[in-house]
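Listing of run_30.cif; format and content: mmCIF, C-alpha atoms and all ligand atoms.
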data_work
#
loop_
_atom_site.label_atom_id
_atom_site.label_comp_id
_atom_site.auth_asym_id
_atom_site.auth_seq_id
_atom_site.Cartn_x
_atom_site.Cartn_y
_atom_site.Cartn_z
CA MET A 1 -39.76 -21.79 47.24
CA THR A 2 -37.77 -23.63 44.55
CA ILE A 3 -38.56 -23.09 40.87
CA LEU A 4 -39.98 -26.62 40.68
CA GLU A 5 -42.34 -25.93 43.58
CA GLN A 6 -43.29 -22.53 42.18
CA THR A 7 -44.11 -23.92 38.72
CA ARG A 8 -45.87 -27.10 39.93
CA PRO A 9 -49.42 -25.78 39.27
CA ILE A 10 -48.41 -24.94 35.68
CA PHE A 11 -46.97 -28.42 35.19
CA GLU A 12 -50.13 -30.02 36.56
CA ARG A 13 -52.24 -28.20 33.98
CA ALA A 14 -49.97 -29.54 31.21
CA ALA A 15 -49.17 -32.95 32.71
CA ARG A 16 -50.97 -34.94 30.00
CA ALA A 17 -48.92 -33.29 27.26
CA ILE A 18 -45.47 -32.90 28.88
CA PRO A 19 -43.56 -35.89 30.35
CA GLU A 20 -42.74 -35.26 34.05
CA VAL A 21 -39.09 -36.17 33.44
CA GLU A 22 -38.81 -33.13 31.09
CA TRP A 23 -40.26 -30.62 33.52
CA PRO A 24 -37.00 -29.80 35.42
CA ILE A 25 -35.58 -28.70 32.02
CA HIS A 26 -38.58 -26.54 31.09
CA ALA A 27 -39.42 -25.09 34.52
CA PRO A 28 -36.63 -22.44 34.78
CA TYR A 29 -37.53 -21.09 31.31
CA VAL A 30 -41.24 -21.06 32.11
CA ALA A 31 -40.69 -19.19 35.39
CA GLU A 32 -38.42 -16.56 33.83
CA ILE A 33 -40.60 -16.08 30.71
CA ASN A 34 -43.69 -15.55 32.87
CA ARG A 35 -41.78 -13.05 35.07
CA LEU A 36 -40.50 -11.11 32.04
CA LYS A 37 -43.96 -11.01 30.49
CA ARG A 38 -45.19 -9.09 33.53
CA GLU A 39 -42.15 -6.79 33.56
CA ARG A 40 -42.50 -5.91 29.86
CA ASN A 41 -46.34 -5.91 29.78
CA ALA A 42 -46.05 -8.57 27.10
CA VAL A 43 -48.51 -11.14 25.88
CA ILE A 44 -47.65 -14.45 24.18
CA LEU A 45 -49.93 -15.54 21.33
CA ALA A 46 -49.32 -19.15 20.31
CA HIS A 47 -50.66 -21.06 17.34
CA ASN A 48 -52.23 -24.50 17.89
CA TYR A 49 -49.13 -26.10 16.28
CA GLN A 50 -46.71 -24.89 18.94
CA VAL A 51 -44.94 -27.50 21.08
CA PRO A 52 -46.84 -28.38 24.30
CA GLU A 53 -44.23 -26.71 26.54
CA ILE A 54 -45.01 -23.36 24.86
CA PHE A 55 -48.71 -23.97 24.24
CA HIS A 56 -49.62 -25.05 27.80
CA THR A 57 -47.21 -23.12 30.02
CA VAL A 58 -46.33 -19.63 28.73
CA ALA A 59 -48.97 -18.82 26.09
CA ASP A 60 -51.62 -16.31 27.15
CA ILE A 61 -53.77 -16.87 24.09
CA VAL A 62 -53.80 -19.92 21.83
CA GLY A 63 -55.74 -20.46 18.63
CA ASP A 64 -55.89 -20.71 14.86
CA SER A 65 -54.79 -17.93 12.49
CA LEU A 66 -58.16 -16.20 12.71
CA GLY A 67 -58.31 -16.38 16.51
CA LEU A 68 -54.77 -15.03 16.84
CA ALA A 69 -55.52 -12.14 14.43
CA ILE A 70 -58.66 -11.24 16.40
CA GLU A 71 -56.86 -11.40 19.75
CA ALA A 72 -53.90 -9.43 18.41
CA ALA A 73 -56.33 -6.66 17.48
CA ARG A 74 -57.82 -6.69 21.01
CA THR A 75 -54.80 -6.85 23.28
CA ASP A 76 -53.73 -3.86 25.37
CA ALA A 77 -50.25 -5.29 26.05
CA ASP A 78 -47.28 -3.18 24.87
CA VAL A 79 -45.45 -6.19 23.43
CA ILE A 80 -46.76 -9.20 21.49
CA VAL A 81 -44.55 -12.28 21.21
CA LEU A 82 -45.97 -14.33 18.36
CA CYS A 83 -45.17 -18.03 18.67
CA GLY A 84 -46.19 -19.19 15.23
CA VAL A 85 -44.74 -18.27 11.85
CA HIS A 86 -43.69 -14.99 10.27
CA PHE A 87 -46.93 -14.17 8.42
CA MET A 88 -48.83 -14.44 11.73
CA ALA A 89 -46.49 -11.90 13.34
CA GLU A 90 -46.89 -9.58 10.34
CA THR A 91 -50.67 -9.83 10.70
CA ALA A 92 -50.37 -8.96 14.40
CA LYS A 93 -48.21 -5.95 13.48
CA LEU A 94 -50.67 -4.82 10.78
CA VAL A 95 -53.49 -4.59 13.31
CA ASN A 96 -51.20 -3.14 16.02
CA PRO A 97 -48.87 -0.71 14.24
CA GLU A 98 -47.97 1.07 17.48
CA LYS A 99 -47.05 -2.08 19.44
CA THR A 100 -43.81 -4.05 19.46
CA VAL A 101 -44.29 -7.44 17.78
CA LEU A 102 -41.56 -10.02 18.36
CA VAL A 103 -40.88 -13.49 16.97
CA PRO A 104 -38.54 -15.97 18.69
CA ASP A 105 -37.03 -17.05 15.36
CA LEU A 106 -37.01 -14.95 12.19
CA GLN A 107 -36.57 -18.02 9.98
CA ALA A 108 -40.02 -19.43 10.88
CA GLY A 109 -41.60 -19.09 7.43
CA CYS A 110 -44.29 -20.97 5.51
CA SER A 111 -44.26 -22.82 2.17
CA LEU A 112 -47.58 -21.21 1.21
CA ALA A 113 -46.33 -17.69 1.94
CA ASP A 114 -43.19 -18.47 -0.09
CA SER A 115 -45.22 -19.71 -3.08
CA ILE A 116 -46.34 -16.28 -4.30
CA THR A 117 -45.05 -12.71 -4.69
CA ALA A 118 -46.75 -9.33 -5.02
CA ALA A 119 -45.77 -9.31 -8.74
CA ASP A 120 -47.61 -12.64 -9.21
CA VAL A 121 -50.77 -11.11 -7.74
CA ARG A 122 -50.52 -8.08 -10.05
CA LEU A 123 -50.21 -10.46 -13.01
CA MET A 124 -53.35 -12.37 -11.95
CA ARG A 125 -55.24 -9.07 -11.65
CA GLU A 126 -54.16 -8.00 -15.14
CA ARG A 127 -55.33 -11.35 -16.52
CA TYR A 128 -58.70 -11.35 -14.70
CA PRO A 129 -59.55 -7.67 -14.03
CA ASP A 130 -63.19 -8.42 -13.09
CA ALA A 131 -62.28 -10.88 -10.29
CA PRO A 132 -61.62 -9.67 -6.75
CA VAL A 133 -58.45 -11.03 -5.15
CA VAL A 134 -59.12 -13.12 -2.02
CA THR A 135 -55.92 -13.99 -0.22
CA TYR A 136 -55.26 -16.60 2.46
CA VAL A 137 -53.55 -15.06 5.52
CA ASN A 138 -50.65 -17.47 4.93
CA THR A 139 -48.97 -14.82 2.76
CA SER A 140 -46.51 -11.94 3.12
CA ALA A 141 -47.72 -8.40 3.86
CA GLU A 142 -46.64 -7.44 0.29
CA VAL A 143 -49.04 -10.03 -1.15
CA LYS A 144 -51.83 -8.96 1.21
CA ALA A 145 -51.28 -5.37 0.07
CA GLU A 146 -52.21 -6.39 -3.52
CA SER A 147 -55.39 -8.12 -2.34
CA ASP A 148 -58.99 -7.03 -1.83
CA ILE A 149 -59.59 -9.13 1.26
CA CYS A 150 -57.88 -11.79 3.38
CA VAL A 151 -59.36 -15.04 4.63
CA THR A 152 -58.28 -17.82 6.95
CA SER A 153 -59.19 -21.49 6.80
CA GLY A 154 -61.81 -20.69 9.46
CA ASN A 155 -63.77 -18.10 7.45
CA ALA A 156 -62.84 -18.61 3.75
CA VAL A 157 -66.17 -20.13 2.63
CA LYS A 158 -68.24 -17.55 4.51
CA ILE A 159 -66.24 -14.60 3.16
CA VAL A 160 -66.21 -15.84 -0.46
CA ASN A 161 -70.00 -16.25 -0.25
CA THR A 162 -70.54 -12.73 1.11
CA LEU A 163 -68.52 -10.95 -1.60
CA GLY A 164 -71.31 -11.19 -4.19
CA ALA A 165 -68.81 -11.78 -7.05
CA LYS A 166 -69.42 -14.35 -9.84
CA ARG A 167 -65.77 -15.31 -9.85
CA ILE A 168 -62.79 -14.58 -7.64
CA ILE A 169 -59.03 -15.08 -7.63
CA PHE A 170 -58.15 -17.20 -4.59
CA LEU A 171 -54.47 -17.22 -3.55
CA PRO A 172 -52.19 -19.04 -2.94
CA ASP A 173 -53.36 -22.46 -1.60
CA GLU A 174 -54.64 -24.64 -4.45
CA TYR A 175 -56.24 -27.22 -2.13
CA LEU A 176 -57.98 -24.67 0.08
CA ALA A 177 -59.22 -23.03 -3.14
CA LYS A 178 -60.60 -26.39 -4.32
CA TYR A 179 -62.25 -26.96 -0.97
CA VAL A 180 -63.88 -23.49 -1.08
CA ALA A 181 -65.01 -24.18 -4.68
CA SER A 182 -66.71 -27.37 -3.45
CA GLN A 183 -68.70 -25.33 -0.90
CA THR A 184 -69.84 -22.41 -3.08
CA ASP A 185 -71.26 -21.52 -6.51
CA VAL A 186 -68.62 -18.81 -6.98
CA GLU A 187 -66.07 -19.64 -9.72
CA ILE A 188 -62.60 -19.88 -8.17
CA LEU A 189 -59.38 -19.05 -10.04
CA ALA A 190 -56.63 -20.70 -8.04
CA TRP A 191 -52.85 -20.52 -7.63
CA LYS A 192 -50.61 -23.58 -7.26
CA GLY A 193 -49.28 -23.04 -3.73
CA HIS A 194 -49.24 -25.94 -1.28
CA CYS A 195 -48.55 -26.47 2.41
CA GLU A 196 -45.53 -28.73 2.67
CA VAL A 197 -47.04 -30.42 5.75
CA HIS A 198 -50.63 -31.09 4.61
CA GLU A 199 -49.79 -32.03 1.01
CA ARG A 200 -48.03 -35.16 2.32
CA PHE A 201 -51.25 -36.78 3.55
CA THR A 202 -53.01 -39.15 1.14
CA GLY A 203 -56.50 -40.57 0.76
CA ALA A 204 -55.02 -44.10 0.90
CA GLN A 205 -53.51 -43.31 4.31
CA ILE A 206 -56.91 -42.23 5.67
CA ARG A 207 -58.60 -45.34 4.24
CA ALA A 208 -55.98 -47.49 5.99
CA TYR A 209 -56.77 -45.79 9.36
CA ARG A 210 -60.46 -46.48 8.79
CA GLU A 211 -59.84 -50.14 7.92
CA ASP A 212 -58.03 -50.49 11.27
CA ASP A 213 -60.92 -48.81 13.12
CA PRO A 214 -64.22 -48.29 11.26
CA GLY A 215 -65.50 -46.10 14.16
CA LEU A 216 -62.64 -43.62 13.81
CA ILE A 217 -63.65 -39.97 13.26
CA VAL A 218 -61.45 -38.17 10.71
CA LEU A 219 -60.97 -34.39 10.99
CA ALA A 220 -58.95 -32.78 8.20
CA HIS A 221 -57.49 -29.35 7.56
CA PRO A 222 -58.59 -27.81 4.22
CA GLU A 223 -54.92 -27.42 3.17
CA CYS A 224 -54.99 -31.23 2.56
CA PRO A 225 -55.36 -32.59 -1.00
CA PRO A 226 -58.94 -33.28 -2.23
CA ASP A 227 -58.61 -37.09 -1.96
CA VAL A 228 -57.89 -36.65 1.77
CA LEU A 229 -60.84 -34.27 2.29
CA ALA A 230 -63.11 -36.73 0.45
CA GLU A 231 -62.44 -39.24 3.26
CA ALA A 232 -62.97 -36.80 6.16
CA ASP A 233 -65.97 -36.58 8.50
CA TYR A 234 -65.22 -32.91 9.06
CA THR A 235 -63.05 -30.34 7.29
CA GLY A 236 -62.06 -27.16 9.09
CA SER A 237 -59.43 -24.92 10.63
CA THR A 238 -57.34 -26.08 13.57
CA GLN A 239 -59.78 -24.32 15.92
CA GLY A 240 -62.71 -25.87 14.06
CA MET A 241 -61.25 -29.34 14.77
CA ILE A 242 -60.87 -28.51 18.47
CA SER A 243 -64.49 -27.31 18.62
CA TYR A 244 -65.61 -30.53 16.91
CA VAL A 245 -63.89 -32.63 19.59
CA ASP A 246 -65.21 -30.38 22.36
CA GLU A 247 -68.82 -30.49 21.16
CA ARG A 248 -69.09 -34.11 19.96
CA ARG A 249 -66.56 -35.97 22.16
CA PRO A 250 -65.83 -38.78 19.65
CA SER A 251 -64.33 -41.83 21.37
CA ARG A 252 -61.50 -42.09 18.79
CA VAL A 253 -60.35 -39.36 16.45
CA VAL A 254 -57.53 -38.54 14.03
CA MET A 255 -56.62 -34.95 13.18
CA ILE A 256 -55.15 -34.78 9.68
CA THR A 257 -52.89 -31.84 10.34
CA GLU A 258 -49.62 -30.94 12.07
CA CYS A 259 -48.25 -33.22 14.84
CA SER A 260 -48.54 -30.98 17.87
CA MET A 261 -52.29 -30.57 17.50
CA ALA A 262 -53.04 -34.03 18.90
CA SER A 263 -50.62 -33.55 21.85
CA ASN A 264 -52.06 -30.14 22.69
CA VAL A 265 -55.70 -31.08 22.30
CA SER A 266 -55.46 -34.47 24.01
CA ALA A 267 -54.35 -32.73 27.22
CA THR A 268 -57.74 -31.00 27.36
CA PHE A 269 -59.85 -34.05 26.42
CA PRO A 270 -58.56 -37.07 28.38
CA ASP A 271 -61.73 -39.04 27.53
CA VAL A 272 -60.94 -38.93 23.77
CA ASP A 273 -58.46 -41.35 22.18
CA PHE A 274 -56.25 -39.65 19.55
CA VAL A 275 -54.60 -41.50 16.65
CA ARG A 276 -51.41 -39.51 16.04
CA PRO A 277 -49.96 -39.39 12.55
CA CYS A 278 -47.00 -37.06 12.65
CA ASN A 279 -46.27 -34.55 9.89
CA LEU A 280 -44.15 -31.82 11.46
CA CYS A 281 -44.12 -28.19 10.33
CA PRO A 282 -40.39 -27.36 10.49
CA HIS A 283 -41.20 -23.64 10.66
CA MET A 284 -43.56 -23.87 13.63
CA LYS A 285 -41.01 -26.08 15.37
CA ARG A 286 -38.31 -23.41 15.24
CA ASN A 287 -39.90 -21.84 18.31
CA THR A 288 -38.59 -23.20 21.60
CA LEU A 289 -38.75 -22.04 25.23
CA PRO A 290 -35.08 -20.85 25.21
CA LYS A 291 -35.81 -18.76 22.09
CA VAL A 292 -38.98 -17.30 23.63
CA LEU A 293 -36.93 -16.31 26.69
CA HIS A 294 -34.21 -14.80 24.52
CA SER A 295 -36.86 -12.83 22.68
CA LEU A 296 -38.21 -11.26 25.87
CA GLN A 297 -34.74 -10.64 27.30
CA THR A 298 -33.39 -8.88 24.21
CA MET A 299 -36.65 -7.63 22.63
CA GLN A 300 -35.73 -9.48 19.44
CA TYR A 301 -36.68 -10.22 16.73
CA GLU A 302 -38.90 -7.29 15.97
CA VAL A 303 -41.28 -7.62 13.02
CA ASN A 304 -42.01 -4.42 11.08
CA VAL A 305 -43.88 -3.80 7.86
CA ASP A 306 -43.03 -1.03 5.41
CA PRO A 307 -45.66 1.73 6.05
CA GLY A 308 -46.62 1.99 2.35
CA VAL A 309 -47.27 -1.76 2.22
CA ALA A 310 -48.86 -1.85 5.68
CA VAL A 311 -51.62 0.62 4.90
CA ARG A 312 -52.93 -1.52 2.01
CA ALA A 313 -52.30 -4.89 3.68
CA ARG A 314 -54.06 -3.66 6.84
CA ALA A 315 -57.15 -2.76 4.80
CA ALA A 316 -57.35 -6.34 3.42
CA VAL A 317 -56.97 -7.84 6.92
CA GLN A 318 -59.41 -5.36 8.46
CA ARG A 319 -62.08 -6.19 5.84
CA MET A 320 -61.73 -9.83 6.89
CA LEU A 321 -61.96 -9.00 10.60
CA ASP A 322 -65.03 -6.81 10.01
CA LEU A 323 -66.79 -9.61 8.10
CA SER A 324 -65.80 -12.19 10.75
CA ALA A 325 -67.12 -10.11 13.65
P1 LIG B 401 -55.29 -22.49 10.93
O1 LIG B 401 -55.68 -21.10 10.66
O2 LIG B 401 -56.37 -23.49 10.65
O3 LIG B 401 -54.78 -22.63 12.32
O4 LIG B 401 -54.13 -22.90 9.94
C1 LIG B 401 -52.90 -22.24 9.89
C2 LIG B 401 -51.89 -23.04 9.27
O5 LIG B 401 -50.78 -22.63 9.07
C3 LIG B 401 -52.27 -24.39 8.87
O6 LIG B 401 -51.21 -25.03 8.30
FE1 LIG B 402 -47.25 -22.99 6.47
FE2 LIG B 402 -48.03 -25.52 6.33
FE3 LIG B 402 -46.42 -24.78 8.30
FE4 LIG B 402 -49.01 -24.00 8.27
S1 LIG B 402 -48.23 -26.06 8.48
S2 LIG B 402 -47.20 -22.71 8.69
S3 LIG B 402 -49.33 -23.72 6.06
S4 LIG B 402 -45.90 -24.75 6.10
#

How would this structure read if it were set down as structure tokens?
Amino acid sequence: MTILEQTRPIFERAARAIPEVEWPIHAPYVAEINRLKRERNAVILAHNYQVPEIFHTVADIVGDSLGLAIEAARTDADVIVLCGVHFMAETAKLVNPEKTVLVPDLQAGCSLADSITAADVRLMRERYPDAPVVTYVNTSAEVKAESDICVTSGNAVKIVNTLGAKRIIFLPDEYLAKYVASQTDVEILAWKGHCEVHERFTGAQIRAYREDDPGLIVLAHPECPPDVLAEADYTGSTQGMISYVDERRPSRVVMITECSMASNVSATFPDVDFVRPCNLCPHMKRNTLPKVLHSLQTMQYEVNVDPGVAVRARAAVQRMLDLSA
């Protein structure tokens, strides 16, 4: 059997997201990656922002940051290849210290994670000693290690409400902090970090989409600025947006988030029409099929966390996972 014949069923699953003309380029990588995964007892976890040729053909588990953290904690594979960004691989390593965690590209960072250091968190604690530190997972392990608990966009409101504190320090995403503040009575002390992808959307842009189509349903990620969220029908994590489409099947929808979401999700919901604004995350887009193959061939690039940092960062992540269970 040729590689094209062998990989045909995989292509058919992904046909709505990957042009047929591209498949002869992807197929040899897909076949070899899937073979190496078996040989190495490896699992590929891919974030919802990964390109369709990773998301639909080689990923074993796809999801938002919370889903990937939960699945990383559950897997019995020896090797985890994390197709996402660096903080996601660190989180997978924190909950799996004995497993090998690989990333296809070490440069896949995040503007939110880069916006704050462990020293900044210590300074905030000194300034507000009564306020617990609640940290978005989009941070380095060093920053998590200075925190009381982690949250993701999928559980931030719930976790802040369960802490029982009058006020909290919420780091580092200013807009997510504002969104959480709008959903709770807890006083939120925020940092000024932003996602370089979501901060580019504007309320005026959303109003223009609605003028074109008054029936359009707008789903927005809480990393967007408040004037964008004010226009949205639903605000939630990337997985929350997928669940919204799955449960309500709007006829026309726009996802105010990273580009690949609409391509990936539209393949699963052919009856839904997706408006596709495109703000790319350059970090997520560093991952490609050739780099995933290279990663499994060479067992690079391994992500490790200093044990002294890991023990404290793991506690913050574990508290989140326990409260999300
Ligand atoms: P989610 O947890 O909603 O997938 O978000 C992660 C992220 O990086 C959004 O920019
Ligand atoms: Fe970070 Fe924004 Fe990219 Fe998500 S989309 S990884 S928050 S830079």

Query raised in the report: Counting only C-alpha atoms, what is within 6 Å of Phe170 (chain A), bar same-chain residues fewer than 5 positions away, as number ranges by chain?
Result: A: 134-135, 189-190

What does the file look like for those residues with C-alpha atoms, as a PDB file, keeping the file's coordinate frame?
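result_9.pdb was written with the following content:
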ATOM      1  CA  VAL A 134     -59.120 -13.120  -2.020  1.00  0.00           C
ATOM      2  CA  THR A 135     -55.920 -13.990  -0.220  1.00  0.00           C
ATOM      3  CA  LEU A 189     -59.380 -19.050 -10.040  1.00  0.00           C
ATOM      4  CA  ALA A 190     -56.630 -20.700  -8.040  1.00  0.00           C
TER       5      ALA A 190
END

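Inspection of the environment of ligand LIG 402 (chain B), which uses all atoms listed in the file and a cut-off of 7 Å, identifies the neighbouring residues as A:Val85, A:Gly109, A:Cys110, A:Ser111, A:Leu112, A:Asn138, A:Cys195, A:Glu196, A:Val197, A:His198, A:Glu258, A:Cys281, A:Pro282, A:His283, A:Met284.
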
Check which residues of chain A sit at most 7 Å from ligand LIG 401 (chain B) using only C-alpha atoms and all ligand atoms, and return one row each with the closest pair of atoms and their distance in Å to one decimal, ordered by chain and rising number, as a Markdown table.
| residue | atom | partner | partner_atom | distance |
| --- | --- | --- | --- | --- |
| A:His47 | CA | B:LIG401 | O3 | 6.7 |
| A:Asn48 | CA | B:LIG401 | O3 | 6.4 |
| A:Gly63 | CA | B:LIG401 | O3 | 6.7 |
| A:Asp64 | CA | B:LIG401 | O3 | 3.4 |
| A:Ser65 | CA | B:LIG401 | O1 | 3.8 |
| A:Leu66 | CA | B:LIG401 | O1 | 5.9 |
| A:Asn138 | CA | B:LIG401 | O5 | 6.6 |
| A:Thr152 | CA | B:LIG401 | O1 | 5.6 |
| A:Ser153 | CA | B:LIG401 | O2 | 5.2 |
| A:Gly154 | CA | B:LIG401 | O2 | 6.2 |
| A:Cys195 | CA | B:LIG401 | O6 | 6.6 |
| A:His221 | CA | B:LIG401 | O2 | 6.7 |
| A:Glu223 | CA | B:LIG401 | O6 | 6.8 |
| A:Gly236 | CA | B:LIG401 | O2 | 6.9 |
| A:Ser237 | CA | B:LIG401 | O2 | 3.4 |
| A:Thr238 | CA | B:LIG401 | O2 | 4.0 |
| A:Gln239 | CA | B:LIG401 | O2 | 6.3 |

Requested in this report: Calculate how many Å separate CA of Glu12 (chain A) from CA of Asn287 (chain A), rounding to one decimal.
Outcome: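 That distance, rounded to one decimal, is 22.5 Å.
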
**Report entry** Minimum-distance residue to Arg16 (chain A), chosen among A:Ile188, A:Ala145, A:Ala313, A:Ala262 (using only C-alpha atoms)
**Finding:** A:Ala262

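The residue that comes closest to Ala31 (chain A), out of A:Leu293, A:Val253, A:Ala316, A:Val186 and on the basis of only C-alpha atoms, is A:Leu293.
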
Requested in this report: Tell me which of A:Leu321, A:Asp271, A:Asp213, A:Tyr175 sits closest to Glu71 (chain A), counting all atoms listed in the file.
Outcome: A:Leu321

**Report entry** d(CA of Gly240 (chain A), CA of Pro132 (chain A)) in Å
**Finding:**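 Separation of CA of Gly240 (chain A) and CA of Pro132 (chain A): 26.4 Å.
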
Query raised in the report: Between A:Ile149, A:Val79, A:Leu176, A:Met255, which is the closest to Ile217 (chain A) once you count all atoms listed in the file?
Result: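 Smallest distance to Ile217 (chain A) is found for A:Met255.
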